[in-house]
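Next up, my_file_2.tsv (TSV, C-alpha atoms):
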```tsv
chain	number	residue	atom	x	y	z
A	1	MET	CA	18.26	-21.79	18.06
A	2	LYS	CA	15.00	-19.83	17.77
A	3	LYS	CA	16.76	-17.07	15.79
A	4	ASN	CA	18.08	-19.60	13.29
A	5	LEU	CA	14.58	-21.00	12.82
A	6	VAL	CA	13.19	-17.51	12.19
A	7	TYR	CA	15.90	-16.78	9.61
A	8	VAL	CA	15.29	-20.10	7.83
A	9	GLY	CA	11.55	-19.36	7.82
A	10	LEU	CA	12.08	-15.91	6.34
A	11	VAL	CA	14.36	-17.27	3.61
A	12	CYS	CA	11.80	-19.96	2.74
A	13	ALA	CA	9.02	-17.37	2.63
A	14	LEU	CA	11.05	-15.21	0.25
A	15	LEU	CA	11.76	-18.18	-2.00
A	16	LEU	CA	8.10	-19.18	-2.05
A	17	THR	CA	6.95	-15.70	-3.12
A	18	GLY	CA	8.40	-16.23	-6.60
A	19	ALA	CA	10.72	-14.20	-8.75
A	20	SER	CA	8.41	-11.33	-9.69
A	21	THR	CA	9.90	-7.99	-8.68
A	22	THR	CA	6.60	-6.71	-7.30
A	23	SER	CA	6.15	-9.74	-5.05
A	24	VAL	CA	9.73	-9.56	-3.83
A	25	ALA	CA	9.47	-5.83	-3.10
A	26	GLN	CA	6.21	-6.27	-1.23
A	27	ALA	CA	7.55	-9.31	0.63
A	28	ALA	CA	10.55	-7.22	1.69
A	29	CYS	CA	8.23	-4.54	3.10
A	30	SER	CA	6.30	-7.19	5.00
A	31	ASN	CA	9.36	-9.04	6.33
A	32	ASP	CA	10.95	-5.86	7.70
A	33	ALA	CA	7.70	-5.10	9.49
A	34	LYS	CA	7.46	-8.61	10.93
A	35	ALA	CA	10.93	-8.17	12.39
A	36	ALA	CA	9.86	-4.84	13.90
A	37	ALA	CA	6.65	-6.40	15.22
A	38	THR	CA	8.59	-9.09	17.06
A	39	LYS	CA	10.48	-6.36	18.94
A	40	GLY	CA	7.26	-5.12	20.54
A	41	THR	CA	6.10	-2.55	18.00
A	42	VAL	CA	2.33	-2.17	17.73
A	43	CYS	CA	0.99	-3.49	14.40
A	44	LYS	CA	-2.43	-2.30	13.19
A	45	TYR	CA	-4.44	-2.06	10.00
A	46	TYR	CA	-4.66	1.54	8.75
A	47	GLN	CA	-8.38	1.90	9.51
A	48	LYS	CA	-7.75	0.85	13.15
A	49	LEU	CA	-5.23	3.64	13.76
A	50	ASP	CA	-6.37	6.76	15.55
A	51	LYS	CA	-6.68	9.91	13.42
A	52	ALA	CA	-3.35	11.33	14.65
A	53	ASP	CA	-1.44	8.23	13.50
A	54	GLN	CA	-3.37	8.08	10.20
A	55	LYS	CA	-2.11	11.60	9.45
A	56	LYS	CA	1.45	10.31	9.89
A	57	VAL	CA	0.97	7.80	7.06
A	58	ALA	CA	1.48	9.48	3.68
A	59	VAL	CA	0.66	7.88	0.34
A	60	SER	CA	1.92	9.42	-2.89
A	61	TYR	CA	1.00	8.30	-6.40
A	62	SER	CA	2.60	8.19	-9.82
A	63	THR	CA	1.42	6.94	-13.20
A	64	THR	CA	2.84	4.86	-16.01
A	65	LYS	CA	1.24	5.15	-19.45
A	66	VAL	CA	0.30	1.80	-21.00
A	67	GLY	CA	-1.23	2.33	-24.43
A	68	SER	CA	-4.11	4.75	-24.05
A	69	LYS	CA	-4.61	3.91	-20.34
A	70	TYR	CA	-2.55	4.40	-17.18
A	71	ASP	CA	-1.28	2.27	-14.32
A	72	VAL	CA	-1.12	3.94	-10.91
A	73	ASN	CA	1.76	3.18	-8.54
A	74	ALA	CA	1.84	4.07	-4.85
A	75	LYS	CA	4.51	4.88	-2.30
A	76	ILE	CA	3.45	4.44	1.33
A	77	GLU	CA	5.49	6.33	3.94
A	78	ASN	CA	4.87	5.50	7.58
A	79	LYS	CA	6.08	8.35	9.81
A	80	SER	CA	4.29	6.99	12.89
A	81	ALA	CA	5.76	4.85	15.67
A	82	LYS	CA	3.42	1.96	14.81
A	83	THR	CA	3.67	-0.77	12.21
A	84	VAL	CA	0.85	-0.27	9.69
A	85	LYS	CA	-0.82	-2.92	7.54
A	86	PHE	CA	-2.80	-2.34	4.34
A	87	ASN	CA	-5.03	-4.84	2.57
A	88	LEU	CA	-4.40	-3.56	-0.96
A	89	GLY	CA	-7.71	-5.03	-2.15
A	90	ASP	CA	-9.52	-2.48	0.04
A	91	ILE	CA	-8.01	0.53	-1.75
A	92	CYS	CA	-10.27	2.23	-4.33
A	93	ILE	CA	-10.43	5.29	-6.54
A	94	TYR	CA	-13.64	6.88	-5.27
A	95	ASN	CA	-15.86	9.43	-6.97
A	96	LYS	CA	-18.23	11.60	-4.90
A	97	ASN	CA	-21.16	10.12	-6.86
A	98	GLY	CA	-20.29	6.79	-5.18
A	99	SER	CA	-18.61	4.92	-8.04
A	100	LYS	CA	-15.39	3.04	-7.24
A	101	ILE	CA	-12.49	1.55	-9.16
A	102	LYS	CA	-11.01	-1.30	-7.13
A	103	SER	CA	-7.30	-1.92	-6.75
A	104	ALA	CA	-5.65	-4.49	-9.01
A	105	LYS	CA	-3.87	-5.95	-5.95
A	106	THR	CA	-5.32	-8.24	-3.30
A	107	ASN	CA	-2.39	-8.92	-0.97
A	108	THR	CA	-1.50	-7.27	2.33
A	109	VAL	CA	1.58	-5.09	2.85
A	110	THR	CA	3.04	-4.06	6.16
A	111	VAL	CA	5.09	-0.90	6.64
A	112	LYS	CA	7.32	-0.60	9.68
A	113	PRO	CA	7.68	2.62	11.68
A	114	LYS	CA	9.64	5.29	9.77
A	115	GLY	CA	9.61	2.94	6.75
A	116	THR	CA	8.35	3.04	3.16
A	117	CYS	CA	6.86	0.55	0.74
A	118	ASN	CA	6.42	0.90	-3.03
A	119	VAL	CA	3.45	-0.77	-4.71
A	120	LYS	CA	3.67	-0.99	-8.48
A	121	LYS	CA	0.47	-1.24	-10.52
A	122	LEU	CA	-1.90	-0.61	-7.62
A	123	PHE	CA	-4.47	0.29	-10.28
A	124	THR	CA	-4.22	-0.84	-13.89
A	125	GLY	CA	-5.95	0.35	-17.05
A	126	VAL	CA	-7.30	3.61	-15.65
A	127	SER	CA	-8.53	6.20	-18.15
A	128	ALA	CA	-7.03	9.66	-18.40
A	129	GLY	CA	-10.48	11.14	-17.73
A	130	THR	CA	-10.66	9.44	-14.35
A	131	LEU	CA	-7.17	10.55	-13.41
A	132	LYS	CA	-7.93	14.18	-14.33
A	133	SER	CA	-11.19	14.32	-12.36
A	134	LYS	CA	-11.05	16.76	-9.44
A	135	ASP	CA	-13.91	14.91	-7.70
A	136	ASP	CA	-12.01	11.65	-7.32
A	137	CYS	CA	-9.81	10.60	-4.42
A	138	ILE	CA	-8.24	7.38	-3.23
A	139	ILE	CA	-9.77	5.75	-0.17
A	140	TYR	CA	-9.05	2.79	2.08
A	141	SER	CA	-11.97	0.56	3.04
A	142	ASN	CA	-14.57	3.37	2.97
A	143	SER	CA	-14.89	7.09	2.29
A	144	GLU	CA	-14.03	7.92	5.92
A	145	HIS	CA	-10.44	6.72	5.33
A	146	LYS	CA	-9.17	8.99	2.58
A	147	LEU	CA	-5.60	8.19	1.45
A	148	GLY	CA	-5.34	11.32	-0.63
A	149	SER	CA	-6.35	13.24	-3.67
A	150	TYR	CA	-4.29	13.40	-6.80
A	151	ASP	CA	-3.54	15.85	-9.55
A	152	PHE	CA	-1.70	13.95	-12.26
A	153	LYS	CA	-0.04	15.90	-15.06
A	154	LEU	CA	-0.94	13.59	-17.95
```
Go ahead and express the file in the form of structure tokens.
Amino acid sequence: MKKNLVYVGLVCALLLTGASTTSVAQAACSNDAKAAATKGTVCKYYQKLDKADQKKVAVSYSTTKVGSKYDVNAKIENKSAKTVKFNLGDICIYNKNGSKIKSAKTNTVTVKPKGTCNVKKLFTGVSAGTLKSKDDCIIYSNSEHKLGSYDFKL
């Protein structure tokens, strides 16, 4: 009986997220992780992971040209044994002089152990100059939680 209620709840949640492909893809990442979390897997926000587990979470980036600007997409790969959550609104492009470009997303995604999640349009309308800068990196929450550097071939 409880399993049926969970399945009905998950179907309702999927229907309520709307028909946008980004929302459905992100909801799918989250729902898989919720299922894993109910089986006893530890679920933590990225910044709460210890350094060893943070190193097991890889984020790669790609760009899509939109006019004279670029959108940045992300692929999160969780190679750890823990379920990892990201508040996408806390991800920024960070320059060493302290300036930040905030993410275009505000929702939370959850990535199950050994799972991946694709986030389209994590950043929108970013200039080529910013994407070519060697001093910039992408951070989570603060500069202590670096998600990676990038070297886009624009």
Restricting the calculation to only C-alpha atoms: of A:Lys102, A:Glu144, A:Lys121, A:Thr116, which residue gets closest to Asn73 in chain A?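 Of A:Lys102, A:Glu144, A:Lys121, A:Thr116, the one nearest Asn73 in chain A, counting only C-alpha atoms, is A:Lys121.
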Which is closer to Val66 in chain A than all the others in A:Thr83, A:Phe123, A:Leu88, A:Lys105, using all atoms listed in the file?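 For Val66 in chain A, the nearest of the candidates is A:Phe123.
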What's the separation between CA of Gly89 in chain A and CA of Lys146 in chain A, in Å to one decimal place?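 We find that CA of Gly89 in chain A and CA of Lys146 in chain A lie 14.9 Å from each other.
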I'd like a table as JSON lines: residues in range 28-124 of chain A with an atom no more than 12 Å from range 139-142 of chain A, each row giving the shortest atom pair and its distance in Å to one decimal, all atoms listed in the file counted, sorted by chain and rising residue number.
```
{"residue": "A:Tyr45", "atom": "CA", "partner": "A:Tyr140", "partner_atom": "CA", "distance": 10.4}
{"residue": "A:Tyr46", "atom": "CA", "partner": "A:Tyr140", "partner_atom": "CA", "distance": 8.1}
{"residue": "A:Gln47", "atom": "CA", "partner": "A:Tyr140", "partner_atom": "CA", "distance": 7.5}
{"residue": "A:Lys48", "atom": "CA", "partner": "A:Ser141", "partner_atom": "CA", "distance": 11.0}
{"residue": "A:Gln54", "atom": "CA", "partner": "A:Tyr140", "partner_atom": "CA", "distance": 11.2}
{"residue": "A:Val59", "atom": "CA", "partner": "A:Ile139", "partner_atom": "CA", "distance": 10.7}
{"residue": "A:Lys85", "atom": "CA", "partner": "A:Tyr140", "partner_atom": "CA", "distance": 11.4}
{"residue": "A:Phe86", "atom": "CA", "partner": "A:Tyr140", "partner_atom": "CA", "distance": 8.4}
{"residue": "A:Asn87", "atom": "CA", "partner": "A:Tyr140", "partner_atom": "CA", "distance": 8.6}
{"residue": "A:Leu88", "atom": "CA", "partner": "A:Tyr140", "partner_atom": "CA", "distance": 8.4}
{"residue": "A:Gly89", "atom": "CA", "partner": "A:Ser141", "partner_atom": "CA", "distance": 8.7}
{"residue": "A:Asp90", "atom": "CA", "partner": "A:Ser141", "partner_atom": "CA", "distance": 4.9}
{"residue": "A:Ile91", "atom": "CA", "partner": "A:Tyr140", "partner_atom": "CA", "distance": 4.6}
{"residue": "A:Cys92", "atom": "CA", "partner": "A:Ile139", "partner_atom": "CA", "distance": 5.5}
{"residue": "A:Ile93", "atom": "CA", "partner": "A:Ile139", "partner_atom": "CA", "distance": 6.4}
{"residue": "A:Tyr94", "atom": "CA", "partner": "A:Ile139", "partner_atom": "CA", "distance": 6.5}
{"residue": "A:Asn95", "atom": "CA", "partner": "A:Ile139", "partner_atom": "CA", "distance": 9.8}
{"residue": "A:Lys96", "atom": "CA", "partner": "A:Ile139", "partner_atom": "CA", "distance": 11.3}
{"residue": "A:Gly98", "atom": "CA", "partner": "A:Asn142", "partner_atom": "CA", "distance": 10.5}
{"residue": "A:Ser99", "atom": "CA", "partner": "A:Asn142", "partner_atom": "CA", "distance": 11.8}
{"residue": "A:Lys100", "atom": "CA", "partner": "A:Ile139", "partner_atom": "CA", "distance": 9.4}
{"residue": "A:Ile101", "atom": "CA", "partner": "A:Ile139", "partner_atom": "CA", "distance": 10.3}
{"residue": "A:Lys102", "atom": "CA", "partner": "A:Ile139", "partner_atom": "CA", "distance": 10.0}
{"residue": "A:Ser103", "atom": "CA", "partner": "A:Tyr140", "partner_atom": "CA", "distance": 10.2}
```
Using only C-alpha atoms, which residue out of A:Ser149, A:Ser143, A:Ser60, A:Ser80 lies closest to Val111 in chain A?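 Between A:Ser149, A:Ser143, A:Ser60, A:Ser80, the residue approaching Val111 in chain A most closely is A:Ser80.
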Among listed residues A:Asp135, A:Asp50, A:Asp71, A:Glu77, nearest Asn97 in chain A (using all atoms listed in the file):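 Closest to Asn97 in chain A, using all atoms listed in the file: A:Asp135.
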Of the listed residues A:Val84, A:Pro113, A:Asn78, A:Thr64, that which approaches Ser127 in chain A most closely, counting only C-alpha atoms: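 The shortest atom-to-atom distance to Ser127 in chain A comes from A:Thr64.
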Pick out the closest residue to Gly125 in chain A from this set: A:Ala74, A:Lys79, A:Lys65, A:Thr108. Count all atoms listed in the file.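 For Gly125 in chain A, the nearest of the given residues is A:Lys65.
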Coordinates-based distance that separates CA of Val57 in chain A from CA of Val126 in chain A (Å, one decimal):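 Taking CA of Val126 in chain A as the start and CA of Val57 in chain A as the end point, the length is 24.5 Å.
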CA of Gly67 in chain A to CA of Gly148 in chain A, straight-line distance in Å: 25.8 Å
So that I can check the surroundings of Lys134 in chain A, please list as a VMD selection string every protein, DNA and RNA residue that reaches within 9 Å of it, counting only C-alpha atoms and ignoring chain neighbours fewer than 4 positions away. chain A and resid 130 149 to 151
Where atoms are lacking, range 75-91 of chain A completed to N, CA and C atoms, as a short mmCIF file (atom, residue, chain, number, x, y, z; two decimals), keeping the file's coordinate frame:
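Heads up, here's the output in out.cif:
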```cif
data_model
loop_
_atom_site.label_atom_id
_atom_site.label_comp_id
_atom_site.auth_asym_id
_atom_site.auth_seq_id
_atom_site.Cartn_x
_atom_site.Cartn_y
_atom_site.Cartn_z
N LYS A 75 3.41 4.93 -3.26
CA LYS A 75 4.51 4.88 -2.30
C LYS A 75 3.91 5.21 -0.94
N ILE A 76 4.01 4.26 -0.01
CA ILE A 76 3.45 4.44 1.33
C ILE A 76 4.60 4.78 2.28
N GLU A 77 4.49 5.91 2.96
CA GLU A 77 5.49 6.33 3.94
C GLU A 77 4.85 6.36 5.32
N ASN A 78 5.40 5.59 6.22
CA ASN A 78 4.87 5.50 7.58
C ASN A 78 5.77 6.31 8.51
N LYS A 79 5.31 7.49 8.92
CA LYS A 79 6.08 8.35 9.81
C LYS A 79 5.65 8.18 11.27
N SER A 80 4.77 7.22 11.53
CA SER A 80 4.29 6.99 12.89
C SER A 80 5.24 6.02 13.61
N ALA A 81 4.97 5.79 14.88
CA ALA A 81 5.76 4.85 15.67
C ALA A 81 5.15 3.46 15.67
N LYS A 82 4.11 3.25 14.87
CA LYS A 82 3.42 1.96 14.81
C LYS A 82 3.62 1.29 13.46
N THR A 83 3.63 -0.02 13.46
CA THR A 83 3.67 -0.77 12.21
C THR A 83 2.27 -0.76 11.63
N VAL A 84 2.16 -0.43 10.33
CA VAL A 84 0.85 -0.27 9.69
C VAL A 84 0.69 -1.32 8.59
N LYS A 85 -0.50 -1.93 8.56
CA LYS A 85 -0.82 -2.92 7.54
C LYS A 85 -1.91 -2.38 6.63
N PHE A 86 -1.80 -2.71 5.34
CA PHE A 86 -2.80 -2.34 4.34
C PHE A 86 -3.22 -3.59 3.58
N ASN A 87 -4.52 -3.84 3.49
CA ASN A 87 -5.03 -4.84 2.57
C ASN A 87 -5.22 -4.09 1.26
N LEU A 88 -4.37 -4.34 0.27
CA LEU A 88 -4.40 -3.56 -0.96
C LEU A 88 -5.71 -3.73 -1.72
N GLY A 89 -6.41 -4.82 -1.50
CA GLY A 89 -7.71 -5.03 -2.15
C GLY A 89 -8.79 -4.09 -1.66
N ASP A 90 -8.55 -3.42 -0.53
CA ASP A 90 -9.52 -2.48 0.04
C ASP A 90 -9.28 -1.04 -0.39
N ILE A 91 -8.30 -0.82 -1.27
CA ILE A 91 -8.01 0.53 -1.75
C ILE A 91 -8.77 0.76 -3.05
#
```
